[in-house]
$ cat protein.csv   # CSV, N, CA and C atoms
chain,number,residue,atom,x,y,z
X,1,MET,N,-71.8,80.8,21.5
X,1,MET,CA,-70.4,80.6,21.7
X,1,MET,C,-69.8,79.9,20.5
X,2,THR,N,-70.5,78.9,19.9
X,2,THR,CA,-69.9,78.3,18.8
X,2,THR,C,-69.7,79.2,17.6
X,3,ASP,N,-70.6,80.2,17.5
X,3,ASP,CA,-70.4,81.1,16.4
X,3,ASP,C,-69.2,81.9,16.5
X,4,LEU,N,-68.8,82.3,17.7
X,4,LEU,CA,-67.6,83.1,17.9
X,4,LEU,C,-66.4,82.3,17.6
X,5,ASN,N,-66.4,81.0,18.0
X,5,ASN,CA,-65.3,80.1,17.7
X,5,ASN,C,-65.1,79.9,16.2
X,6,LYS,N,-66.2,79.8,15.5
X,6,LYS,CA,-66.2,79.6,14.0
X,6,LYS,C,-65.6,80.9,13.4
X,7,SER,N,-66.1,82.0,13.8
X,7,SER,CA,-65.6,83.3,13.2
X,7,SER,C,-64.1,83.5,13.5
X,8,ASP,N,-63.6,83.1,14.7
X,8,ASP,CA,-62.2,83.2,15.0
X,8,ASP,C,-61.4,82.2,14.1
X,9,ASN,N,-61.9,81.0,13.9
X,9,ASN,CA,-61.2,80.1,13.1
X,9,ASN,C,-61.1,80.6,11.6
X,10,LYS,N,-62.2,81.2,11.2
X,10,LYS,CA,-62.2,81.8,9.8
X,10,LYS,C,-61.1,82.9,9.7
X,11,ASN,N,-61.0,83.7,10.7
X,11,ASN,CA,-60.0,84.8,10.7
X,11,ASN,C,-58.6,84.2,10.7
X,12,ILE,N,-58.4,83.1,11.5
X,12,ILE,CA,-57.1,82.5,11.5
X,12,ILE,C,-56.7,81.9,10.2
X,13,ASP,N,-57.7,81.2,9.6
X,13,ASP,CA,-57.5,80.5,8.3
X,13,ASP,C,-57.2,81.6,7.2
X,14,ALA,N,-58.0,82.7,7.3
X,14,ALA,CA,-57.8,83.7,6.3
X,14,ALA,C,-56.4,84.3,6.4
X,15,ASN,N,-55.9,84.5,7.7
X,15,ASN,CA,-54.6,85.1,7.9
X,15,ASN,C,-53.5,84.2,7.4
X,16,THR,N,-53.6,82.9,7.6
X,16,THR,CA,-52.6,82.0,7.3
X,16,THR,C,-52.5,81.8,5.8
X,17,ASP,N,-53.7,81.7,5.1
X,17,ASP,CA,-53.7,81.5,3.7
X,17,ASP,C,-53.4,82.7,2.9
X,18,GLY,N,-54.0,83.8,3.2
X,18,GLY,CA,-53.8,85.0,2.4
X,18,GLY,C,-52.6,85.9,2.7
X,19,ASN,N,-52.3,86.0,4.0
X,19,ASN,CA,-51.3,87.0,4.4
X,19,ASN,C,-49.9,86.4,4.7
X,20,ALA,N,-49.8,85.0,4.8
X,20,ALA,CA,-48.6,84.4,5.2
X,20,ALA,C,-47.5,84.6,4.1
X,21,ASN,N,-47.9,84.4,2.9
X,21,ASN,CA,-46.9,84.5,1.8
X,21,ASN,C,-46.4,85.9,1.6
X,22,PRO,N,-47.2,86.9,1.6
X,22,PRO,CA,-46.6,88.3,1.5
X,22,PRO,C,-45.7,88.7,2.7
X,23,SER,N,-46.0,88.2,3.9
X,23,SER,CA,-45.2,88.6,5.0
X,23,SER,C,-43.8,87.8,4.9
X,24,LEU,N,-43.9,86.6,4.4
X,24,LEU,CA,-42.6,85.9,4.2
X,24,LEU,C,-41.8,86.5,3.1
X,25,ALA,N,-42.4,87.0,2.1
X,25,ALA,CA,-41.7,87.6,1.0
X,25,ALA,C,-41.1,88.9,1.5
X,26,ARG,N,-41.8,89.7,2.3
X,26,ARG,CA,-41.3,90.9,2.9
X,26,ARG,C,-40.1,90.6,3.8
X,27,GLN,N,-40.2,89.5,4.6
X,27,GLN,CA,-39.1,89.2,5.4
X,27,GLN,C,-37.8,88.8,4.6
X,28,GLU,N,-38.0,88.1,3.5
X,28,GLU,CA,-36.9,87.8,2.7
X,28,GLU,C,-36.3,89.0,2.0
X,29,ILE,N,-37.1,89.9,1.6
X,29,ILE,CA,-36.6,91.2,1.0
X,29,ILE,C,-35.9,92.0,2.1
X,30,ASN,N,-36.4,92.0,3.3
X,30,ASN,CA,-35.7,92.8,4.3
X,30,ASN,C,-34.4,92.1,4.7
X,31,ARG,N,-34.3,90.8,4.7
X,31,ARG,CA,-33.0,90.1,4.9
X,31,ARG,C,-32.0,90.5,3.9
X,32,GLN,N,-32.4,90.5,2.6
X,32,GLN,CA,-31.5,90.9,1.5
X,32,GLN,C,-31.0,92.3,1.7
X,33,GLN,N,-31.9,93.2,2.0
X,33,GLN,CA,-31.5,94.6,2.2
X,33,GLN,C,-30.6,94.8,3.3
X,34,VAL,N,-30.8,94.1,4.4
X,34,VAL,CA,-29.9,94.1,5.6
X,34,VAL,C,-28.5,93.6,5.2
X,35,SER,N,-28.5,92.5,4.4
X,35,SER,CA,-27.3,91.9,4.0
X,35,SER,C,-26.5,92.8,3.1
X,36,ILE,N,-27.1,93.5,2.1
X,36,ILE,CA,-26.5,94.4,1.2
X,36,ILE,C,-26.0,95.6,2.0
X,37,LYS,N,-26.8,96.1,3.0
X,37,LYS,CA,-26.4,97.2,3.8
X,37,LYS,C,-25.1,96.8,4.6
X,38,ALA,N,-25.1,95.6,5.1
X,38,ALA,CA,-24.0,95.2,6.0
X,38,ALA,C,-22.7,95.1,5.1
X,39,TRP,N,-22.8,94.6,3.9
X,39,TRP,CA,-21.6,94.5,3.0
X,39,TRP,C,-21.1,95.9,2.6
X,40,SER,N,-22.1,96.8,2.3
X,40,SER,CA,-21.7,98.1,1.9
X,40,SER,C,-21.0,98.9,3.1
X,41,GLN,N,-21.5,98.6,4.3
X,41,GLN,CA,-20.9,99.2,5.5
X,41,GLN,C,-19.5,98.6,5.7
X,42,LYS,N,-19.3,97.3,5.5
X,42,LYS,CA,-18.0,96.7,5.7
X,42,LYS,C,-17.0,97.3,4.7
X,43,LEU,N,-17.5,97.4,3.4
X,43,LEU,CA,-16.6,98.0,2.4
X,43,LEU,C,-16.2,99.4,2.8
X,44,LEU,N,-17.2,100.2,3.3
X,44,LEU,CA,-16.9,101.6,3.7
X,44,LEU,C,-15.9,101.6,4.8
X,45,VAL,N,-16.0,100.7,5.8
X,45,VAL,CA,-15.1,100.7,6.9
X,45,VAL,C,-13.7,100.3,6.4
X,46,VAL,N,-13.6,99.4,5.5
X,46,VAL,CA,-12.3,99.0,4.9
X,46,VAL,C,-11.6,100.2,4.2
X,47,LEU,N,-12.4,100.8,3.4
X,47,LEU,CA,-11.9,102.0,2.6
X,47,LEU,C,-11.4,103.1,3.6
X,48,LEU,N,-12.2,103.3,4.6
X,48,LEU,CA,-11.8,104.4,5.6
X,48,LEU,C,-10.5,104.0,6.3
X,49,CYS,N,-10.4,102.7,6.6
X,49,CYS,CA,-9.2,102.2,7.3
X,49,CYS,C,-7.9,102.4,6.4
X,50,VAL,N,-8.1,102.1,5.1
X,50,VAL,CA,-7.0,102.2,4.2
X,50,VAL,C,-6.6,103.7,4.0
X,51,ALA,N,-7.6,104.6,3.9
X,51,ALA,CA,-7.4,106.0,3.8
X,51,ALA,C,-6.7,106.5,5.0
X,52,SER,N,-7.1,106.1,6.2
X,52,SER,CA,-6.6,106.5,7.4
X,52,SER,C,-5.1,106.1,7.5
X,53,PHE,N,-4.8,104.9,7.2
X,53,PHE,CA,-3.5,104.3,7.2
X,53,PHE,C,-2.6,105.1,6.3
X,54,TYR,N,-3.0,105.4,5.1
X,54,TYR,CA,-2.2,106.1,4.1
X,54,TYR,C,-2.0,107.6,4.6
X,55,GLY,N,-3.0,108.2,5.1
X,55,GLY,CA,-2.9,109.5,5.6
X,55,GLY,C,-1.9,109.6,6.8
X,56,GLY,N,-2.0,108.7,7.7
X,56,GLY,CA,-1.0,108.6,8.8
X,56,GLY,C,0.4,108.4,8.3
X,57,TRP,N,0.6,107.5,7.3
X,57,TRP,CA,1.9,107.3,6.8
X,57,TRP,C,2.5,108.5,6.2
X,58,LYS,N,1.7,109.2,5.4
X,58,LYS,CA,2.2,110.4,4.7
X,58,LYS,C,2.5,111.5,5.7
X,59,SER,N,1.7,111.6,6.8
X,59,SER,CA,1.9,112.6,7.8
X,59,SER,C,3.2,112.3,8.6
X,60,TYR,N,3.5,111.0,8.8
X,60,TYR,CA,4.7,110.6,9.5
X,60,TYR,C,5.9,111.0,8.6
X,61,GLU,N,5.8,110.7,7.3
X,61,GLU,CA,6.9,111.1,6.4
X,61,GLU,C,7.2,112.6,6.4
X,62,SER,N,6.1,113.3,6.3
X,62,SER,CA,6.2,114.8,6.3
X,62,SER,C,6.9,115.3,7.6
X,63,ASN,N,6.5,114.7,8.7
X,63,ASN,CA,7.1,115.1,10.0
X,63,ASN,C,8.5,114.8,10.1
X,64,MET,N,8.9,113.7,9.5
X,64,MET,CA,10.4,113.3,9.5
X,64,MET,C,11.2,114.3,8.6
X,65,VAL,N,10.6,114.7,7.5
X,65,VAL,CA,11.3,115.6,6.6
X,65,VAL,C,11.4,117.0,7.3
X,66,ASN,N,10.4,117.4,7.9
X,66,ASN,CA,10.4,118.7,8.7
X,66,ASN,C,11.4,118.7,9.8
X,67,GLU,N,11.4,117.6,10.5
X,67,GLU,CA,12.4,117.4,11.7
X,67,GLU,C,13.8,117.4,11.1
X,68,CYS,N,14.1,116.7,10.0
X,68,CYS,CA,15.4,116.7,9.5
X,68,CYS,C,15.8,118.1,9.0
X,69,SER,N,14.9,118.8,8.3
X,69,SER,CA,15.2,120.1,7.9
X,69,SER,C,15.5,121.1,9.1
X,70,ALA,N,14.7,120.9,10.1
X,70,ALA,CA,14.9,121.8,11.3
X,70,ALA,C,16.2,121.6,12.0
X,71,ASN,N,16.8,120.4,11.9
X,71,ASN,CA,18.0,120.1,12.5
X,71,ASN,C,19.2,120.4,11.5
X,72,GLY,N,19.0,121.0,10.4
X,72,GLY,CA,20.0,121.3,9.5
X,72,GLY,C,20.4,120.2,8.5
X,73,GLY,N,19.6,119.2,8.4
X,73,GLY,CA,19.9,118.1,7.5
X,73,GLY,C,19.2,118.1,6.2
X,74,GLN,N,19.5,117.1,5.4
X,74,GLN,CA,18.9,117.0,4.1
X,74,GLN,C,18.5,115.6,3.9
X,75,MET,N,17.3,115.4,3.3
X,75,MET,CA,16.8,114.0,3.1
X,75,MET,C,17.5,113.4,1.9
X,76,VAL,N,17.9,112.2,2.0
X,76,VAL,CA,18.6,111.5,0.9
X,76,VAL,C,17.8,110.2,0.7
X,77,ALA,N,17.5,110.0,-0.6
X,77,ALA,CA,16.8,108.8,-1.0
X,77,ALA,C,17.7,107.6,-1.0
X,78,GLY,N,17.3,106.5,-0.3
X,78,GLY,CA,18.1,105.3,-0.3
X,78,GLY,C,17.4,104.3,-1.3
X,79,ASP,N,17.7,103.0,-1.1
X,79,ASP,CA,17.0,102.0,-1.9
X,79,ASP,C,15.5,102.0,-1.6
X,80,ARG,N,15.1,101.7,-0.4
X,80,ARG,CA,13.7,101.7,0.0
X,80,ARG,C,13.4,102.7,1.1
X,81,THR,N,14.4,103.4,1.6
X,81,THR,CA,14.2,104.3,2.7
X,81,THR,C,14.6,105.7,2.4
X,82,MET,N,14.2,106.6,3.2
X,82,MET,CA,14.7,108.0,3.1
X,82,MET,C,15.5,108.2,4.3
X,83,MET,N,16.7,108.8,4.2
X,83,MET,CA,17.6,109.0,5.3
X,83,MET,C,17.9,110.5,5.4
X,84,CYS,N,18.1,110.9,6.7
X,84,CYS,CA,18.4,112.3,6.9
X,84,CYS,C,19.9,112.4,7.0
X,85,GLN,N,20.5,113.2,6.2
X,85,GLN,CA,22.0,113.3,6.2
X,85,GLN,C,22.3,114.7,6.7
X,86,LEU,N,23.0,114.8,7.9
X,86,LEU,CA,23.3,116.1,8.5
X,86,LEU,C,24.5,116.6,7.8
X,87,SER,N,24.5,117.9,7.5
X,87,SER,CA,25.6,118.5,6.8
X,87,SER,C,26.5,119.3,7.8
$ encode --input "protein.csv" --output "structure tokens"
Amino acid sequence: MTDLNKSDNKNIDANTDGNANPSLARQEINRQQVSIKAWSQKLLVVLLCVASFYGGWKSYESNMVNECSANGGQMVAGDRTMMCQLS
């Protein structure tokens, strides 16, 4: 019985001395990879939101021009706005 206990202790000591450092290093590398991945995903989401907003804005403008033209009007540029002037 004592021989089994000694061999178990040797395995435990060998695992803590030899393998603890590489597993900790792997965990730190994995944490860095997850962090980089998270930042790249956040940047991608922000870029997609900006592109979606810009596309929606341009679509709205196009629809307003088309509606103005369909009603017999003409778009007139103001200071900061476009206005539909009916003729």
$ atom_distance --input "protein.csv" --atom1 "atom C of Cys68 (chain X)" --atom2 "atom C of Gly55 (chain X)"
19.8 Å
$ atom_distance --input "protein.csv" --atom1 "CA of Ser62 (chain X)" --atom2 "CA of Met75 (chain X)"
11.1 Å
$ atom_distance --input "protein.csv" --atom1 "CA of Asn66 (chain X)" --atom2 "CA of Ser87 (chain X)"
15.3 Å
$ residues_around --input "protein.csv" --residues "Leu86 (chain X)" --least-positions-apart "6" --cutoff "6.5 Å" --atoms "only N, CA and C atoms" --output "PyMOL selection string"
chain X and resi 72-74
$ write_last_selection --input "protein.csv" --atoms "N, CA and C atoms" --output "PDB file, in the frame of the given file"
ATOM      1  N   GLY X  72      19.000 121.000  10.400  1.00  0.00           N
ATOM      2  CA  GLY X  72      20.000 121.300   9.500  1.00  0.00           C
ATOM      3  C   GLY X  72      20.400 120.200   8.500  1.00  0.00           C
ATOM      4  N   GLY X  73      19.600 119.200   8.400  1.00  0.00           N
ATOM      5  CA  GLY X  73      19.900 118.100   7.500  1.00  0.00           C
ATOM      6  C   GLY X  73      19.200 118.100   6.200  1.00  0.00           C
ATOM      7  N   GLN X  74      19.500 117.100   5.400  1.00  0.00           N
ATOM      8  CA  GLN X  74      18.900 117.000   4.100  1.00  0.00           C
ATOM      9  C   GLN X  74      18.500 115.600   3.900  1.00  0.00           C
TER      10      GLN X  74
END
